[in-house]
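Input: a single structure, listed below in C-alpha cells.
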Amino acid sequence: MAFDVALPAAPAERPLARALTARVGLSLIVGASFLARAVAAAAHPVPRYFPDEYLYTAMARALAAGHAPSVRGQAAHFPALLAPLLAAPWQALAGPEGAYRLTQLENALLMSLAAVPVYLLARRLALAKGWALACAAFAVLVPDLVFAGYTLADPVAYPFVLGAVYAGVVAVETASRRSQLSFLLLAALAAFARVQYVVLPLAYLVAAAAVDRRRVVRTQRLPLVLYGLGAAGAAALGAHRILGYYSHVSRFHVGGSVLRWMAVDLFLLGLAAGVVLVPGAVVALARPRGRCESGFAALTAVFGGGLLVEAALYAANGSDRFQERYLFSLLPLVPVAFGLYLKHGRPARLPVAALALTLLVLSARVPLSGYAAAAGKTDSPFLTAVFRLEHALGTANGALVVAALAALGALAAIAVSRRGGGGAAIAATLAFAAVASAGAVASDVSNARDVRDTYLPRNPSWVDAAHVGPVTLVQTVGSPPDRAIEQLYWNRSVTREVRLGDALPTDVYAAPKLRVSRDGTLPGVGAALLFQGYAAAVRFQNATLRAAAGSFSLWTADGAPRLSLLEQGRYFDGWLARSGRLSLWPDASGRTAGRLRFTLSLPPNGRPVSVRFGKMSYRVLPGRATAVTYTIDTRGPWSLAFSARRGRWLADLRAVSVRSTLPTFERFDAPQARATLAA
C-alpha cells in the first residue's frame with residue numbers, strides 16, 4: 001500500500017528538480033563569471049581608458065565628500081550618474097587603491113548578474129531551460145566583460161539594460177501595470193548609467209504599437225502618461241541642461257559616413273557574435289510568432305537600430321572606429337533569437353543562406369587587421385583579441401585565421417538550417433566567445449601593466465604621500481594628457497589643473513590657461529604644484545623639489561611659485577623637439593643677468609643636424625658635443641626660440657632634432673654683471 005501511495009509523488013518532483021537544477025546552473029554561471037572577472041580585474045592594475053575612468057572617479061569622490069558631482073571643483077552637468085553613485089561609498093571608505101579594487105569587484109558582480117535577465121528572457125520566449133542557460137553563459141562570456149576591470153559606466157549599465165529588455169517584453173505581452181513600471185524603472189536605471197540607452201523607451205513604445213496596434217493607447221496608458229510628463233519636463237529644462245556633458249551631440253554631422261559606419265558596425269558585430277547564429281537570429285526577428293515573440297522582435301530591432309545610429313554618429317564625427325562599447329549589449333540577444341529560429345523548425349533556408357554567404361564574402365574581402373590597427377581597437381575588446389592573435393601569428397596569418405573562422409561559421413549556419421545541429425552551433429559559439437574573451441583579457445592585462453610601468457612609480461599615490469596639501473597640476477605644451485590623468489586619478493590632493501601656453505587639457509573640465517607674470521610668478525597656482533616635464537624643463541627661484549616620478553616633479557614654494565628657467569620643447573630624455581623656446585625670468589632686482597650654458601649632441605649613428613637658437617645656427621655632428629654659452633644682462637624676462645628643419649623620428653613617434661643637456665643659468669650679482677660685460 002505504501003508503495004502505491006509513493007508512486008504518484010515521483011512525477012510531481014521532476015518539475016521541482018528541474019527548476020532547482022536550472023537555478024543551480026544559473027547560480028554557477030553567475031558565480032563562475034564573477035570569480036573569473038574578479039581575477040582578471042585584479043590583474044588590471046591601473047585605469048587606461050582616458051579620460052572617462054578619471055571623470056567617473058572624480059565625480060564619485062565629490063559625492064563621497066557630500067558635494068554635488070564635480071571635477072576639480074567645477075560642477076559636472078552629467079546626466080549619467082549611477083556609476084559614480086555606486087562607487088561613492090568605496091571612495092568614502094578607502095584610499096585610491098582600495099576604492100579602485102572595490103569598484104572593480106562591484107563591476108565584476110554587476111556584469112555577471114546580466115546572465116539572470118538573459119535566462120529569464122529566453123524562458124519567457126518558451127525556450128528550453130538548457131538553451132536558456134546557454135544564452136546566460138554567452139552573456140557573461142562575451143569579450144566585453146573585460147570592462148569589469150575598468151571604472152566606467154558600461155559594467156553598471158549592462159545588467160540593467162538587459163533587465164529592461166526582459167521587462168519590456170513582459171510588459172508588451174501582459175500590459176500589466178506592474179510589468180510596465182518594472183520596465184520603466186530598469187530603463188531609467190540603464191539610461192542613468194549610460195545615456196545611450198535612452199533609446200529603450202522609444203523601442204518599447206514601437207514594440208507595444210506593433211503588438212497592440214490601435215489598442216496601444218488603452219493597453220499602455222500608464223507608460224504614455226509618464227512619457228508625456230517626462231517630455232514636458234525635458235522641454236521645460238531644455239536639451240542642453242539635460243544632456244550636459246553630452247550636449248555636443250546636437251552638432252554632430254549626419255551624412256553618408258554615418259550609413260557606412262552602420263554597415264561596418266553590423267558586420268563587425270556579426271563577427272563578434274560568432275557568425276553561425278546570426279543568420280538564423282535575423283530570420284527569427286523578421287518572422288516572429290505570437291504576441292511575446294512579436295514584442296521581443298520589435299523591441300530588439302528598434303533598440304538595436306537606435307544603438308547603431310548612435311555608434312555610427314559618434315564614429316562619423318571624430319571617433320573613427322568600431323564603437324563596440326555602444327553595441328555589446330545586443331550580443332546576448334543573438335542566441336535568444338537563434339533559439340526562436342530553432343523552435344520554429346529552422347524556416348527560410350534561402351534567406352539564411354543569403355545572409356551567411358554575405359558574411360562569408362565580407363569576411364574574405366574585408367580583413368579585420370585594418371580595423372584592429374592602432375587606435376581602431378580602442379572601443380572594441382573583440383578587435384583587441386583579434387590584434388592579440390595577429391601579434392602572436394603575424395598580421396597576415398592572424399587575419400587569415402579570423403577570416404577562416406568566419407567562413408566556417410557562415411557555412412555552419414547554412415548546414416544548421418538544412419540538417420540541424422543547433423546544440424553544436426551554440427557550443428561552438430560559446431567556445432568562440434570564451435577564446436575571444438581570453439584574448440581580450442590577456443591583451444588588456446598586458447596593456448594596463450605597460451601603462452602602470454610607464455606612467456607611475458611604485459606608489460601611484462606618491463603625491464598624496466608627500467603631504468604637501470592641495471596641489472595644482474601644471475600641464476605643458478607637448479605633454480600627453482593621459483600621463484597627467486593617471487596622476488589625477490591616484491592622487492586626491494591634486495585638486496586643480498592649469499595650462500602653460502597651448503598645452504592640451506586632460507578633459508573638458510576646469511583647466512584654465514596660466515599667464516606667467518613678468519617676474520616669473522605663477523599667479524593663483526598655490527604653494528604646491530605638480531609640474532608635467534614630459535616636453536619641458538623647469539627651474540624655480542623660490543620652490544623646493546619635494547619628489548619626482550617619471551616626467552613629473554612635485555614642488556613646494558614659499559608663497560606664489562616664481563619661475564627661473566623654462567625650456568619648452570625639451571623632452572624628459574634630453575631630446576629637443578623641432579621647435580621650442582627657452583625663457584629666463586629676473587631676480588628680485590628686476591634684472592636677468594648671468595651665464596646660460598647647455599651642450600648639444602647627437603648619437604654616433606645618423607646625419608648632422610643644424611639647429612637655430614635665435615639668430616645663431618649650430619651644426620651638430622653625430623658623436624660630437626657642441627657647447628653653447630650665452631651671457632645675459634637685461635631687465636625683465638629673456639627668451640630664445642630654437643628650431644630645426646630636420647632631425648629624426650623616434651620609435652614613440654616623437655619628431656626630434658638634437659639632444660641637449662639640462663640648461664643651467666648662473667646668476668650674477670650687480671658688480672659681477674658689470675665686470676663681466678666690461679670684459
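Within each chain, counting starts at residue 1; across the C-alpha cells, chains are named A, B, ... in the order shown, with ligands numbered 1 upward in that order.
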Can you pull out the residues contacting range 139-151 of chain A? Cut-off 8 Å, using only C-alpha atoms, and skip same-chain residues under 6 positions away; I want them as JSON, numbers by chain.
{"A": [30, 33, 37, 38, 40, 41, 42, 44, 47, 49, 53, 54, 56, 57, 100, 103, 104, 105, 107, 108, 111, 112, 114, 115, 118, 325, 328, 331, 332, 380, 381, 382, 430, 433, 434, 436, 437, 438, 440, 441, 444]}
Include C-alpha atoms and write out the residues we just selected as a short mmCIF file (atom, residue, chain, number, x, y, z; two decimals), in the first residue's frame.
data_model
loop_
_atom_site.label_atom_id
_atom_site.label_comp_id
_atom_site.auth_asym_id
_atom_site.auth_seq_id
_atom_site.Cartn_x
_atom_site.Cartn_y
_atom_site.Cartn_z
CA VAL A 30 26.94 33.94 -12.27
CA SER A 33 31.75 34.60 -14.09
CA ARG A 37 36.20 38.53 -13.83
CA ALA A 38 37.41 39.38 -10.34
CA ALA A 40 41.04 39.33 -14.39
CA ALA A 41 40.31 42.69 -12.75
CA ALA A 42 42.95 42.03 -10.09
CA HIS A 44 44.35 45.05 -14.32
CA PRO A 47 43.00 52.76 -15.48
CA TYR A 49 40.64 54.36 -20.73
CA GLU A 53 37.69 56.47 -15.95
CA TYR A 54 39.04 59.55 -14.19
CA TYR A 56 33.60 58.89 -13.20
CA THR A 57 36.00 58.52 -10.28
CA TYR A 100 39.69 51.16 -7.18
CA THR A 103 34.82 49.24 -7.64
CA GLN A 104 36.31 46.53 -9.85
CA LEU A 105 34.70 43.82 -7.69
CA ASN A 107 31.61 45.86 -11.59
CA ALA A 108 32.51 42.17 -11.89
CA MET A 111 28.27 42.31 -15.23
CA SER A 112 27.96 38.69 -14.11
CA ALA A 114 23.45 40.09 -16.54
CA ALA A 115 23.11 36.33 -17.02
CA VAL A 118 19.01 36.83 -20.33
CA ARG A 325 31.12 49.82 -26.29
CA PHE A 328 27.80 44.95 -26.98
CA LEU A 331 25.22 40.38 -28.33
CA PRO A 332 23.33 38.33 -25.69
CA SER A 380 36.37 47.04 -29.10
CA PRO A 381 37.51 44.15 -26.90
CA PHE A 382 36.75 41.83 -29.83
CA LEU A 430 30.31 29.63 -26.52
CA ALA A 433 33.29 33.72 -27.11
CA ALA A 434 35.46 32.17 -24.40
CA ALA A 436 37.92 35.80 -27.74
CA SER A 437 37.31 36.85 -24.15
CA ALA A 438 40.59 35.24 -23.03
CA ALA A 440 40.81 40.40 -24.82
CA VAL A 441 41.72 39.88 -21.15
CA ASP A 444 44.11 44.24 -21.61
#
Using the chain letters and numbers from this document, which residues of range 30-208 of chain A does DSSP assign to strand (DSSP E), as a ChimeraX atom specification?
/A:70-71,74-75
Output N, CA and C atoms for every residue in that selection, as a PDB file, in the first residue's frame.
ATOM      1  N   SER A  70      31.210  66.916  -9.310  1.00  0.00           N
ATOM      2  CA  SER A  70      32.130  67.925  -9.819  1.00  0.00           C
ATOM      3  C   SER A  70      33.440  67.263 -10.198  1.00  0.00           C
ATOM      4  N   VAL A  71      34.215  67.970 -11.018  1.00  0.00           N
ATOM      5  CA  VAL A  71      35.543  67.531 -11.431  1.00  0.00           C
ATOM      6  C   VAL A  71      36.496  68.692 -11.196  1.00  0.00           C
ATOM      7  N   GLN A  74      34.813  72.032 -10.522  1.00  0.00           N
ATOM      8  CA  GLN A  74      33.840  72.536 -11.483  1.00  0.00           C
ATOM      9  C   GLN A  74      32.636  71.604 -11.528  1.00  0.00           C
ATOM     10  N   ALA A  75      31.439  72.174 -11.422  1.00  0.00           N
ATOM     11  CA  ALA A  75      30.215  71.380 -11.444  1.00  0.00           C
ATOM     12  C   ALA A  75      30.146  70.549 -12.719  1.00  0.00           C
TER      13      ALA A  75
END
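The shell of residues at most 12 Å from Lys129 in chain A, with only C-alpha atoms counted and near chain neighbours (fewer than 5 positions) removed, consists of Pro15, Arg18, Ala19, Leu20, Thr21, Ala22, Arg23, Val24, Gly25, Leu26, Val118, Tyr119, Leu120, Leu121, Ala122, Arg123, Arg124, Ala134, Cys135, Ala136, Val336 and Gly339 of chain A.
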Output for the residues just chosen: C-alpha atoms as a short mmCIF file (atom, residue, chain, number, x, y, z; two decimals), in the first residue's frame:
data_model
loop_
_atom_site.label_atom_id
_atom_site.label_comp_id
_atom_site.auth_asym_id
_atom_site.auth_seq_id
_atom_site.Cartn_x
_atom_site.Cartn_y
_atom_site.Cartn_z
CA PRO A 15 9.47 19.82 -12.35
CA ARG A 18 14.38 20.59 -12.98
CA ALA A 19 13.68 24.06 -11.59
CA LEU A 20 16.27 23.57 -8.86
CA THR A 21 18.75 22.31 -11.43
CA ALA A 22 18.15 25.41 -13.57
CA ARG A 23 18.60 27.70 -10.57
CA VAL A 24 21.78 25.91 -9.57
CA GLY A 25 23.07 26.15 -13.13
CA LEU A 26 22.28 29.85 -13.35
CA VAL A 118 19.01 36.83 -20.33
CA TYR A 119 17.97 33.48 -18.86
CA LEU A 120 14.55 34.86 -17.88
CA LEU A 121 14.06 36.35 -21.35
CA ALA A 122 14.83 33.03 -23.03
CA ARG A 123 12.40 31.21 -20.73
CA ARG A 124 9.73 33.85 -21.34
CA ALA A 134 23.49 28.57 -22.71
CA CYS A 135 22.21 32.07 -23.54
CA ALA A 136 23.01 33.17 -19.99
CA VAL A 336 18.00 34.08 -27.73
CA GLY A 339 16.69 29.75 -30.14
#
Please provide the set of residues having any atom within 7 Å of Pro51 in chain A, restricted to only C-alpha atoms, with same-chain residues fewer than 4 positions apart removed, written as number ranges by chain.
A: 55, 485, 507
